[in-house]
Amino acid sequence: MELFKCLFGVMVVVVVVLACDVTAQRHWTMPLQKHQPPLPSPLPQQQLKVPPPAAPFDKCQVEEGEKIQCGTPDITAEQCENINCCFDGRQCYYGKAVTVQCTRDGQFVVVVARDATLPHIDVDSVSLLETNDASCSPVGTTSAFAIFQFPVTTCGTTIKEEEGFVVYENHMSSSYEVGVGPRGSITRDSHFELLFQCRYSGTAVEVLVMEVNAVPPPVPVAAAGPLRVELRLGNGQCHTKGCVEEEAAYHSFYTPSDFPITKVLREPVYIEVRILERSDPNIILNLEHCWATASPNPHSLPQWDLLVDGCPYHDDHYLTTVLPVTGSSGLHYPTHHKRFIIKMFTFVDQNTFTPQKDTVFIHCATAVCYPSSTNSCEQPCHRQRRAAVKKVSSSQRALVSSGEVILTEQRPFSALQRKNDSSAPNTKSKR
């Protein structure tokens, strides 16, 4: 079957909530067709017009060993583009996106790329809602792509008529891993959902692409305490070879006018807490407890612990990284500063494990400690019993909060993000 000659209009609605290789080239062709009931005669396909992706991301930049053939070997560049695929001068292949095609004999062809989301989606976790029929499973899977092909009348497809069109509609989604804590649950995995349609008509073909965006978040609320302490987020970047990202990030910081800021899942968030308007070099800032909420209220639920007694929360498999602040940092009073790094996440519902909130606020309960012969003010992070911490008055404590951090959809994939997302730990629960 010549795939490029038998494709029509398709309406695709993609929802990504936000929003990872093959040694030999693989060629995928459609399996033999069984006899299908006649469908209303469709018109030739109208070319799908989608705005080009923002640079530097290019869906056609697929590694040679990961390319999967789209259409027949003798397909032309124009025919390849008409079926929403990529052409490199020698062959037509699927790009790093979600490709939905409808065939003249009534078949869905859906190709989901690993790089369609950031963090990358696990293509093995993508499935149709109808999973009891073996014919509804992928007809081909590689480390970079999952390929589905099935008749438009099977696998749970719904059929309806709309203004002279016969519309065949189906739905697929991915599973994702959830970390469950005592006061909240989170996930750092992309959750992928795809609603796709084939519309057949004897007189016309229509193409419609829609992207569903989240409702704008509320305005952030600042919190202040009797002790002048500030929590801020670093935004410095490396621009030279040999630069250390963890150091460069704290060379500059977001200002109040920058909030709300946006991050993608697992993107590092660089946090600094510091004492203001104090010049005593002997005092030490300690972080008693740091946590995240989905609203500006630090006491609201759900919550997720980041630091407990100054140490990473041990039930988070993406452990918070506590950075030492020493005299080499160039700060006037290094003991007045605390720095740590978390990986961006989103809150999910405790019962259904569905993504619940796209906003995160970070809070820290702080205390000023005065070292003495009996109290070094250190916060050792190990499993042995910790030394008793000297109690301090409320005037030496403060609760400080960040501005609003919004979970956003995928960005162009960079080398730095690839380094930061090179591994994924085990988690406790899977949807």
# chains A, B, ... in the order shown; residues from 1 in each chain; ligands from 1
>>> residues_around(residues="Leu407 (chain A)", least_positions_apart="3", cutoff="8 Å", atoms="only C-alpha atoms", output="PyMOL selection string")
chain A and resi 18-19+262-265+344-346+358-360
>>> write_last_selection(atoms="N, CA, C and O atoms", output="PDB file, in the first residue's frame")
ATOM      1  N   LEU A  18       2.251  19.569  31.323  1.00  0.00           N
ATOM      2  CA  LEU A  18       3.247  20.036  31.645  1.00  0.00           C
ATOM      3  C   LEU A  18       2.610  21.332  32.229  1.00  0.00           C
ATOM      4  O   LEU A  18       2.115  21.903  31.646  1.00  0.00           O
ATOM      5  N   ALA A  19       5.180  19.751  29.915  1.00  0.00           N
ATOM      6  CA  ALA A  19       4.883  19.236  29.630  1.00  0.00           C
ATOM      7  C   ALA A  19       5.732  19.455  29.595  1.00  0.00           C
ATOM      8  O   ALA A  19       6.441  19.795  30.411  1.00  0.00           O
ATOM      9  N   THR A 262       8.622  30.215  34.965  1.00  0.00           N
ATOM     10  CA  THR A 262       8.194  28.912  34.468  1.00  0.00           C
ATOM     11  C   THR A 262       9.358  27.927  34.455  1.00  0.00           C
ATOM     12  O   THR A 262      10.503  28.299  34.205  1.00  0.00           O
ATOM     13  N   LYS A 263       9.051  26.686  34.743  1.00  0.00           N
ATOM     14  CA  LYS A 263      10.017  25.584  34.702  1.00  0.00           C
ATOM     15  C   LYS A 263       9.332  24.371  34.095  1.00  0.00           C
ATOM     16  O   LYS A 263       8.104  24.242  34.145  1.00  0.00           O
ATOM     17  N   VAL A 264      10.131  23.448  33.530  1.00  0.00           N
ATOM     18  CA  VAL A 264       9.592  22.188  33.037  1.00  0.00           C
ATOM     19  C   VAL A 264       9.918  21.087  34.046  1.00  0.00           C
ATOM     20  O   VAL A 264      10.747  21.256  34.924  1.00  0.00           O
ATOM     21  N   LEU A 265       9.238  19.959  33.926  1.00  0.00           N
ATOM     22  CA  LEU A 265       9.455  18.841  34.837  1.00  0.00           C
ATOM     23  C   LEU A 265      10.928  18.437  34.866  1.00  0.00           C
ATOM     24  O   LEU A 265      11.570  18.320  33.815  1.00  0.00           O
ATOM     25  N   MET A 344      12.213  20.217  39.437  1.00  0.00           N
ATOM     26  CA  MET A 344      10.832  20.673  39.328  1.00  0.00           C
ATOM     27  C   MET A 344       9.870  19.490  39.254  1.00  0.00           C
ATOM     28  O   MET A 344      10.156  18.462  38.625  1.00  0.00           O
ATOM     29  N   PHE A 345       8.724  19.647  39.892  1.00  0.00           N
ATOM     30  CA  PHE A 345       7.710  18.594  39.924  1.00  0.00           C
ATOM     31  C   PHE A 345       6.333  19.243  39.872  1.00  0.00           C
ATOM     32  O   PHE A 345       6.196  20.467  39.861  1.00  0.00           O
ATOM     33  N   THR A 346       5.292  18.417  39.847  1.00  0.00           N
ATOM     34  CA  THR A 346       3.923  18.907  39.929  1.00  0.00           C
ATOM     35  C   THR A 346       3.152  18.057  40.922  1.00  0.00           C
ATOM     36  O   THR A 346       3.434  16.857  41.090  1.00  0.00           O
ATOM     37  N   ASP A 358      -0.451  23.051  38.697  1.00  0.00           N
ATOM     38  CA  ASP A 358       0.691  23.401  37.864  1.00  0.00           C
ATOM     39  C   ASP A 358       1.556  24.475  38.503  1.00  0.00           C
ATOM     40  O   ASP A 358       2.465  24.999  37.872  1.00  0.00           O
ATOM     41  N   THR A 359       1.281  24.826  39.759  1.00  0.00           N
ATOM     42  CA  THR A 359       2.055  25.861  40.444  1.00  0.00           C
ATOM     43  C   THR A 359       2.720  25.288  41.687  1.00  0.00           C
ATOM     44  O   THR A 359       2.179  24.385  42.337  1.00  0.00           O
ATOM     45  N   VAL A 360       3.898  25.825  41.997  1.00  0.00           N
ATOM     46  CA  VAL A 360       4.646  25.406  43.177  1.00  0.00           C
ATOM     47  C   VAL A 360       5.171  26.652  43.890  1.00  0.00           C
ATOM     48  O   VAL A 360       5.681  27.572  43.235  1.00  0.00           O
TER      49      VAL A 360
END
>>> closest_residue(among="A:Gly181, A:His171, A:Glu230, A:Phe259", to="Leu306 (chain A)", atoms="only C-alpha atoms")
A:Gly181
>>> select_by_dssp(residues="region 271-422 of chain A", states="strand (DSSP E)", output="compact mmCIF listing (two decimals) with N, CA and C atoms, in the first residue's frame")
# COMPACT_ATOMS: atom_id res chain seq x y z
N ILE A 271 17.92 27.43 44.66
CA ILE A 271 17.30 28.18 45.76
C ILE A 271 18.38 28.67 46.71
N GLU A 272 18.25 29.91 47.14
CA GLU A 272 19.14 30.48 48.15
C GLU A 272 18.30 31.17 49.21
N VAL A 273 18.63 30.94 50.48
CA VAL A 273 18.02 31.64 51.61
C VAL A 273 19.14 32.41 52.31
N ARG A 274 18.91 33.69 52.60
CA ARG A 274 19.96 34.50 53.20
C ARG A 274 19.40 35.45 54.24
N ILE A 275 20.24 35.82 55.20
CA ILE A 275 19.88 36.80 56.22
C ILE A 275 20.14 38.19 55.65
N ILE A 284 24.98 31.97 62.37
CA ILE A 284 24.82 30.97 61.32
C ILE A 284 23.34 30.81 61.01
N LEU A 285 23.03 30.85 59.75
CA LEU A 285 21.64 30.61 59.31
C LEU A 285 21.42 29.11 59.16
N ASN A 286 20.38 28.59 59.80
CA ASN A 286 20.00 27.18 59.67
C ASN A 286 18.62 27.08 59.05
N LEU A 287 18.43 26.09 58.22
CA LEU A 287 17.12 25.80 57.62
C LEU A 287 16.52 24.62 58.39
N GLU A 288 15.51 24.90 59.21
CA GLU A 288 14.90 23.84 60.00
C GLU A 288 14.01 22.93 59.15
N HIS A 289 13.29 23.55 58.20
CA HIS A 289 12.35 22.77 57.39
C HIS A 289 12.05 23.56 56.12
N CYS A 290 12.16 22.92 54.97
CA CYS A 290 11.78 23.53 53.70
C CYS A 290 10.81 22.58 53.00
N TRP A 291 9.77 23.15 52.42
CA TRP A 291 8.74 22.34 51.78
C TRP A 291 8.10 23.13 50.65
N ALA A 292 7.27 22.45 49.86
CA ALA A 292 6.59 23.08 48.73
C ALA A 292 5.09 22.88 48.88
N THR A 293 4.33 23.87 48.42
CA THR A 293 2.87 23.78 48.38
C THR A 293 2.40 24.19 46.99
N GLN A 303 1.35 19.18 50.45
CA GLN A 303 2.70 19.65 50.70
C GLN A 303 3.69 18.56 50.30
N TRP A 304 4.92 18.99 50.00
CA TRP A 304 6.00 18.03 49.73
C TRP A 304 7.27 18.55 50.39
N ASP A 305 7.86 17.72 51.27
CA ASP A 305 9.08 18.11 51.99
C ASP A 305 10.27 18.16 51.04
N LEU A 306 11.11 19.18 51.24
CA LEU A 306 12.35 19.32 50.49
C LEU A 306 13.56 19.13 51.40
N LEU A 307 13.54 19.78 52.58
CA LEU A 307 14.59 19.63 53.59
C LEU A 307 13.93 19.41 54.94
N VAL A 308 14.46 18.50 55.71
CA VAL A 308 14.00 18.25 57.08
C VAL A 308 15.21 18.34 58.00
N CYS A 311 18.38 18.73 56.09
CA CYS A 311 18.87 17.61 55.29
C CYS A 311 17.83 17.21 54.24
N PRO A 312 18.25 16.62 53.11
CA PRO A 312 17.31 16.22 52.06
C PRO A 312 16.26 15.25 52.59
N THR A 321 19.59 18.59 46.64
CA THR A 321 21.04 18.72 46.73
C THR A 321 21.37 19.96 47.56
N VAL A 322 22.03 19.75 48.71
CA VAL A 322 22.45 20.86 49.56
C VAL A 322 23.87 21.25 49.16
N LEU A 323 24.07 22.51 48.82
CA LEU A 323 25.37 22.98 48.36
C LEU A 323 26.12 23.68 49.50
N HIS A 337 24.18 32.45 54.49
CA HIS A 337 23.52 31.94 53.27
C HIS A 337 23.39 30.42 53.33
N LYS A 338 22.30 29.91 52.76
CA LYS A 338 22.10 28.49 52.53
C LYS A 338 21.63 28.31 51.09
N ARG A 339 22.17 27.30 50.40
CA ARG A 339 21.81 27.05 49.02
C ARG A 339 21.47 25.57 48.82
N PHE A 340 20.44 25.31 48.01
CA PHE A 340 20.11 23.93 47.66
C PHE A 340 19.39 23.91 46.32
N ILE A 341 19.35 22.71 45.71
CA ILE A 341 18.79 22.53 44.38
C ILE A 341 17.72 21.45 44.44
N ILE A 342 16.56 21.72 43.83
CA ILE A 342 15.52 20.70 43.69
C ILE A 342 15.23 20.51 42.21
N LYS A 343 14.59 19.38 41.88
CA LYS A 343 14.13 19.14 40.51
C LYS A 343 12.62 19.47 40.46
N THR A 346 5.29 18.42 39.85
CA THR A 346 3.92 18.91 39.93
C THR A 346 3.15 18.06 40.92
N PHE A 347 2.21 18.63 41.62
CA PHE A 347 1.39 17.90 42.56
C PHE A 347 0.34 17.10 41.82
N VAL A 348 0.01 15.91 42.37
CA VAL A 348 -1.03 15.06 41.79
C VAL A 348 -2.05 14.72 42.87
N PRO A 355 -2.48 14.67 37.54
CA PRO A 355 -1.88 15.99 37.82
C PRO A 355 -2.94 16.96 38.31
N GLN A 356 -2.65 17.64 39.43
CA GLN A 356 -3.65 18.45 40.10
C GLN A 356 -3.34 19.93 40.02
N LYS A 357 -2.08 20.29 40.24
CA LYS A 357 -1.69 21.70 40.28
C LYS A 357 -0.47 21.92 39.39
N THR A 359 1.28 24.83 39.76
CA THR A 359 2.05 25.86 40.44
C THR A 359 2.72 25.29 41.69
N VAL A 360 3.90 25.83 42.00
CA VAL A 360 4.65 25.41 43.18
C VAL A 360 5.17 26.65 43.89
N PHE A 361 4.99 26.68 45.20
CA PHE A 361 5.57 27.72 46.05
C PHE A 361 6.50 27.04 47.05
N ILE A 362 7.68 27.62 47.26
CA ILE A 362 8.68 27.03 48.14
C ILE A 362 8.75 27.83 49.42
N HIS A 363 8.78 27.14 50.57
CA HIS A 363 8.79 27.78 51.87
C HIS A 363 9.92 27.20 52.72
N CYS A 364 10.51 28.02 53.57
CA CYS A 364 11.55 27.55 54.49
C CYS A 364 11.34 28.19 55.86
N ALA A 365 11.36 27.35 56.90
CA ALA A 365 11.39 27.83 58.29
C ALA A 365 12.85 27.94 58.69
N THR A 366 13.28 29.15 59.04
CA THR A 366 14.69 29.41 59.29
C THR A 366 14.91 29.80 60.75
N ALA A 367 16.16 29.69 61.19
CA ALA A 367 16.54 30.09 62.55
C ALA A 367 17.98 30.57 62.52
N VAL A 368 18.27 31.57 63.35
CA VAL A 368 19.64 32.05 63.52
C VAL A 368 20.26 31.30 64.69
N CYS A 369 21.43 30.76 64.47
CA CYS A 369 22.10 29.98 65.52
C CYS A 369 23.40 30.69 65.91
N ARG A 397 13.68 33.57 64.58
CA ARG A 397 13.14 32.63 63.60
C ARG A 397 12.36 33.41 62.54
N ALA A 398 12.24 32.82 61.38
CA ALA A 398 11.46 33.44 60.30
C ALA A 398 11.00 32.39 59.32
N LEU A 399 9.80 32.59 58.79
CA LEU A 399 9.26 31.76 57.71
C LEU A 399 9.29 32.60 56.44
N VAL A 400 9.94 32.08 55.42
CA VAL A 400 10.11 32.84 54.19
C VAL A 400 9.63 31.99 53.02
N SER A 401 9.07 32.65 51.99
CA SER A 401 8.48 31.93 50.85
C SER A 401 8.97 32.51 49.54
N VAL A 405 6.20 29.54 41.03
CA VAL A 405 6.91 28.80 39.99
C VAL A 405 5.87 27.97 39.26
N ILE A 406 5.74 28.18 37.96
CA ILE A 406 4.68 27.54 37.17
C ILE A 406 5.28 26.42 36.33
N LEU A 407 4.64 25.26 36.38
CA LEU A 407 5.03 24.16 35.50
C LEU A 407 4.56 24.48 34.10
>>> residues_around(residues="Ile159 (chain A)", least_positions_apart="3", cutoff="10 Å", atoms="only C-alpha atoms", output="JSON, numbers by chain")
{"A": [152, 153, 156, 166, 167, 168, 169, 170, 197, 198, 199]}
>>> write_last_selection(atoms="all heavy atoms", output="PDB file, in the first residue's frame")
ATOM      1  N   VAL A 152     -10.430   2.137  11.866  1.00  0.00           N
ATOM      2  CA  VAL A 152     -11.113   3.226  12.568  1.00  0.00           C
ATOM      3  C   VAL A 152     -12.378   2.759  13.285  1.00  0.00           C
ATOM      4  O   VAL A 152     -12.966   3.524  14.054  1.00  0.00           O
ATOM      5  CB  VAL A 152     -11.459   4.366  11.588  1.00  0.00           C
ATOM      6  CG1 VAL A 152     -10.212   4.985  11.014  1.00  0.00           C
ATOM      7  CG2 VAL A 152     -12.385   3.867  10.471  1.00  0.00           C
ATOM      8  N   THR A 153     -12.804   1.518  13.049  1.00  0.00           N
ATOM      9  CA  THR A 153     -14.017   1.014  13.692  1.00  0.00           C
ATOM     10  C   THR A 153     -13.714   0.118  14.885  1.00  0.00           C
ATOM     11  O   THR A 153     -14.632  -0.489  15.443  1.00  0.00           O
ATOM     12  CB  THR A 153     -14.859   0.231  12.671  1.00  0.00           C
ATOM     13  OG1 THR A 153     -14.045  -0.800  12.092  1.00  0.00           O
ATOM     14  CG2 THR A 153     -15.365   1.149  11.566  1.00  0.00           C
ATOM     15  N   GLY A 156     -12.130   0.655  20.565  1.00  0.00           N
ATOM     16  CA  GLY A 156     -12.853   1.647  21.353  1.00  0.00           C
ATOM     17  C   GLY A 156     -13.147   2.940  20.629  1.00  0.00           C
ATOM     18  O   GLY A 156     -13.550   3.924  21.260  1.00  0.00           O
ATOM     19  N   VAL A 166     -18.568  12.063   8.779  1.00  0.00           N
ATOM     20  CA  VAL A 166     -18.512  10.882   9.640  1.00  0.00           C
ATOM     21  C   VAL A 166     -17.202  10.977  10.412  1.00  0.00           C
ATOM     22  O   VAL A 166     -16.123  10.969   9.812  1.00  0.00           O
ATOM     23  CB  VAL A 166     -18.567   9.577   8.814  1.00  0.00           C
ATOM     24  CG1 VAL A 166     -18.494   8.372   9.748  1.00  0.00           C
ATOM     25  CG2 VAL A 166     -19.836   9.543   7.978  1.00  0.00           C
ATOM     26  N   VAL A 167     -17.311  11.086  11.731  1.00  0.00           N
ATOM     27  CA  VAL A 167     -16.149  11.353  12.575  1.00  0.00           C
ATOM     28  C   VAL A 167     -15.831  10.115  13.403  1.00  0.00           C
ATOM     29  O   VAL A 167     -16.693   9.603  14.132  1.00  0.00           O
ATOM     30  CB  VAL A 167     -16.399  12.559  13.513  1.00  0.00           C
ATOM     31  CG1 VAL A 167     -15.159  12.826  14.374  1.00  0.00           C
ATOM     32  CG2 VAL A 167     -16.759  13.791  12.703  1.00  0.00           C
ATOM     33  N   TYR A 168     -14.587   9.631  13.266  1.00  0.00           N
ATOM     34  CA  TYR A 168     -14.096   8.505  14.064  1.00  0.00           C
ATOM     35  C   TYR A 168     -13.098   9.073  15.076  1.00  0.00           C
ATOM     36  O   TYR A 168     -12.104   9.701  14.680  1.00  0.00           O
ATOM     37  CB  TYR A 168     -13.415   7.467  13.175  1.00  0.00           C
ATOM     38  CG  TYR A 168     -14.349   6.865  12.147  1.00  0.00           C
ATOM     39  CD1 TYR A 168     -14.530   7.492  10.914  1.00  0.00           C
ATOM     40  CD2 TYR A 168     -15.045   5.701  12.411  1.00  0.00           C
ATOM     41  CE1 TYR A 168     -15.385   6.955   9.962  1.00  0.00           C
ATOM     42  CE2 TYR A 168     -15.901   5.154  11.462  1.00  0.00           C
ATOM     43  CZ  TYR A 168     -16.070   5.792  10.242  1.00  0.00           C
ATOM     44  OH  TYR A 168     -16.918   5.251   9.320  1.00  0.00           O
ATOM     45  N   GLU A 169     -13.332   8.841  16.365  1.00  0.00           N
ATOM     46  CA  GLU A 169     -12.532   9.487  17.417  1.00  0.00           C
ATOM     47  C   GLU A 169     -12.021   8.447  18.415  1.00  0.00           C
ATOM     48  O   GLU A 169     -12.749   7.540  18.818  1.00  0.00           O
ATOM     49  CB  GLU A 169     -13.378  10.532  18.156  1.00  0.00           C
ATOM     50  CG  GLU A 169     -12.652  11.293  19.240  1.00  0.00           C
ATOM     51  CD  GLU A 169     -13.526  12.374  19.851  1.00  0.00           C
ATOM     52  OE1 GLU A 169     -13.654  13.445  19.237  1.00  0.00           O
ATOM     53  OE2 GLU A 169     -14.111  12.133  20.929  1.00  0.00           O
ATOM     54  N   ASN A 170     -10.748   8.595  18.789  1.00  0.00           N
ATOM     55  CA  ASN A 170     -10.170   7.688  19.789  1.00  0.00           C
ATOM     56  C   ASN A 170      -9.243   8.485  20.699  1.00  0.00           C
ATOM     57  O   ASN A 170      -9.002   9.669  20.475  1.00  0.00           O
ATOM     58  CB  ASN A 170      -9.415   6.536  19.119  1.00  0.00           C
ATOM     59  CG  ASN A 170      -9.455   5.261  19.946  1.00  0.00           C
ATOM     60  OD1 ASN A 170      -9.263   5.303  21.158  1.00  0.00           O
ATOM     61  ND2 ASN A 170      -9.688   4.123  19.302  1.00  0.00           N
ATOM     62  N   GLN A 197      -8.830  12.291  15.747  1.00  0.00           N
ATOM     63  CA  GLN A 197     -10.018  12.027  14.948  1.00  0.00           C
ATOM     64  C   GLN A 197      -9.660  11.837  13.483  1.00  0.00           C
ATOM     65  O   GLN A 197      -8.686  12.403  12.995  1.00  0.00           O
ATOM     66  CB  GLN A 197     -11.005  13.208  15.037  1.00  0.00           C
ATOM     67  CG  GLN A 197     -11.585  13.471  16.412  1.00  0.00           C
ATOM     68  CD  GLN A 197     -12.560  14.631  16.378  1.00  0.00           C
ATOM     69  OE1 GLN A 197     -12.604  15.404  15.417  1.00  0.00           O
ATOM     70  NE2 GLN A 197     -13.359  14.758  17.421  1.00  0.00           N
ATOM     71  N   CYS A 198     -10.465  11.045  12.806  1.00  0.00           N
ATOM     72  CA  CYS A 198     -10.485  10.997  11.352  1.00  0.00           C
ATOM     73  C   CYS A 198     -11.878  11.441  10.915  1.00  0.00           C
ATOM     74  O   CYS A 198     -12.879  10.903  11.399  1.00  0.00           O
ATOM     75  CB  CYS A 198     -10.197   9.589  10.836  1.00  0.00           C
ATOM     76  SG  CYS A 198      -8.449   9.151  10.822  1.00  0.00           S
ATOM     77  N   ARG A 199     -11.929  12.424  10.001  1.00  0.00           N
ATOM     78  CA  ARG A 199     -13.201  12.967   9.532  1.00  0.00           C
ATOM     79  C   ARG A 199     -13.330  12.655   8.041  1.00  0.00           C
ATOM     80  O   ARG A 199     -12.505  13.100   7.243  1.00  0.00           O
ATOM     81  CB  ARG A 199     -13.253  14.470   9.776  1.00  0.00           C
ATOM     82  CG  ARG A 199     -13.081  14.857  11.242  1.00  0.00           C
ATOM     83  CD  ARG A 199     -12.818  16.346  11.405  1.00  0.00           C
ATOM     84  NE  ARG A 199     -13.947  17.149  11.000  1.00  0.00           N
ATOM     85  CZ  ARG A 199     -14.933  17.516  11.817  1.00  0.00           C
ATOM     86  NH1 ARG A 199     -14.892  17.151  13.095  1.00  0.00           N
ATOM     87  NH2 ARG A 199     -15.935  18.254  11.388  1.00  0.00           N
TER      88      ARG A 199
END
>>> closest_residue(among="A:Glu247, A:Asp88, A:Lys67, A:His299", to="Ser329 (chain A)", atoms="only C-alpha atoms")
A:Glu247
>>> residues_around(residues="Ser137 (chain A)", least_positions_apart="5", cutoff="10 Å", atoms="only C-alpha atoms", output="PyMOL selection string")
chain A and resi 126-128+130-132+146-150+155
>>> select_by_dssp(residues="region 131-291 of chain A", states="alpha helix (DSSP H)", output="CSV table (one decimal) with N, CA, C and O atoms, in the first residue's frame")
chain,number,residue,atom,x,y,z
A,245,GLU,N,27.8,24.8,36.3
A,245,GLU,CA,26.4,25.3,36.3
A,245,GLU,C,25.9,25.6,37.7
A,245,GLU,O,25.2,26.6,37.9
A,246,GLU,N,26.2,24.7,38.7
A,246,GLU,CA,25.8,25.0,40.0
A,246,GLU,C,26.3,26.3,40.6
A,246,GLU,O,25.7,26.9,41.5
A,247,GLU,N,27.5,26.7,40.2
A,247,GLU,CA,28.1,27.9,40.7
A,247,GLU,C,27.5,29.1,39.9
A,247,GLU,O,27.2,30.1,40.5
A,248,ALA,N,27.5,29.0,38.6
A,248,ALA,CA,27.0,30.1,37.7
A,248,ALA,C,25.5,30.5,38.1
A,248,ALA,O,25.1,31.6,37.9
>>> closest_residue(among="A:Arg183, A:Tyr270, A:Thr408, A:Leu118", to="Ser252 (chain A)", atoms="only C-alpha atoms")
A:Tyr270
>>> decode(residues="region 369-383 of chain A", atoms="N, CA, C and O atoms", output="mmCIF file, in the first residue's frame")
data_model
loop_
_atom_site.group_PDB
_atom_site.id
_atom_site.type_symbol
_atom_site.label_atom_id
_atom_site.label_comp_id
_atom_site.auth_asym_id
_atom_site.auth_seq_id
_atom_site.Cartn_x
_atom_site.Cartn_y
_atom_site.Cartn_z
ATOM 1 N N CYS A 369 21.433 30.758 64.473
ATOM 2 C CA CYS A 369 22.103 29.984 65.516
ATOM 3 C C CYS A 369 23.402 30.691 65.909
ATOM 4 O O CYS A 369 24.126 31.209 65.045
ATOM 5 N N TYR A 370 23.682 30.707 67.214
ATOM 6 C CA TYR A 370 24.910 31.294 67.740
ATOM 7 C C TYR A 370 25.796 30.149 68.235
ATOM 8 O O TYR A 370 25.492 29.513 69.245
ATOM 9 N N PRO A 371 26.892 29.843 67.537
ATOM 10 C CA PRO A 371 27.739 28.713 67.953
ATOM 11 C C PRO A 371 28.386 28.963 69.310
ATOM 12 O O PRO A 371 28.677 30.101 69.681
ATOM 13 N N SER A 372 28.592 27.870 70.022
ATOM 14 C CA SER A 372 29.230 27.943 71.340
ATOM 15 C C SER A 372 30.048 26.681 71.542
ATOM 16 O O SER A 372 30.137 25.818 70.659
ATOM 17 N N SER A 373 30.633 26.534 72.730
ATOM 18 C CA SER A 373 31.441 25.353 73.036
ATOM 19 C C SER A 373 30.600 24.081 73.080
ATOM 20 O O SER A 373 31.120 22.979 72.926
ATOM 21 N N THR A 374 29.310 24.229 73.309
ATOM 22 C CA THR A 374 28.423 23.061 73.398
ATOM 23 C C THR A 374 27.524 22.903 72.173
ATOM 24 O O THR A 374 26.821 21.911 72.055
ATOM 25 N N ASN A 375 27.509 23.874 71.288
ATOM 26 C CA ASN A 375 26.631 23.812 70.118
ATOM 27 C C ASN A 375 27.359 24.408 68.914
ATOM 28 O O ASN A 375 27.609 25.617 68.858
ATOM 29 N N SER A 376 27.721 23.544 67.962
ATOM 30 C CA SER A 376 28.450 24.011 66.781
ATOM 31 C C SER A 376 27.530 24.558 65.706
ATOM 32 O O SER A 376 27.997 25.106 64.710
ATOM 33 N N CYS A 377 26.216 24.404 65.885
ATOM 34 C CA CYS A 377 25.195 24.854 64.916
ATOM 35 C C CYS A 377 25.191 24.034 63.634
ATOM 36 O O CYS A 377 24.478 24.367 62.677
ATOM 37 N N GLU A 378 25.988 22.977 63.559
ATOM 38 C CA GLU A 378 25.988 22.155 62.353
ATOM 39 C C GLU A 378 24.726 21.296 62.294
ATOM 40 O O GLU A 378 24.151 20.933 63.314
ATOM 41 N N GLN A 379 24.318 20.977 61.085
ATOM 42 C CA GLN A 379 23.157 20.107 60.863
ATOM 43 C C GLN A 379 23.626 18.867 60.097
ATOM 44 O O GLN A 379 23.521 18.787 58.875
ATOM 45 N N PRO A 380 24.178 17.868 60.818
ATOM 46 C CA PRO A 380 24.716 16.681 60.135
ATOM 47 C C PRO A 380 23.612 15.871 59.466
ATOM 48 O O PRO A 380 22.548 15.666 60.031
ATOM 49 N N CYS A 381 23.876 15.428 58.249
ATOM 50 C CA CYS A 381 22.877 14.669 57.492
ATOM 51 C C CYS A 381 23.319 13.217 57.375
ATOM 52 O O CYS A 381 23.963 12.811 56.410
ATOM 53 N N HIS A 382 23.020 12.413 58.385
ATOM 54 C CA HIS A 382 23.309 10.979 58.368
ATOM 55 C C HIS A 382 22.299 10.297 59.264
ATOM 56 O O HIS A 382 21.484 10.936 59.929
ATOM 57 N N ARG A 383 22.333 8.999 59.296
ATOM 58 C CA ARG A 383 21.314 8.237 60.001
ATOM 59 C C ARG A 383 21.573 8.125 61.504
ATOM 60 O O ARG A 383 20.743 7.626 62.244
#
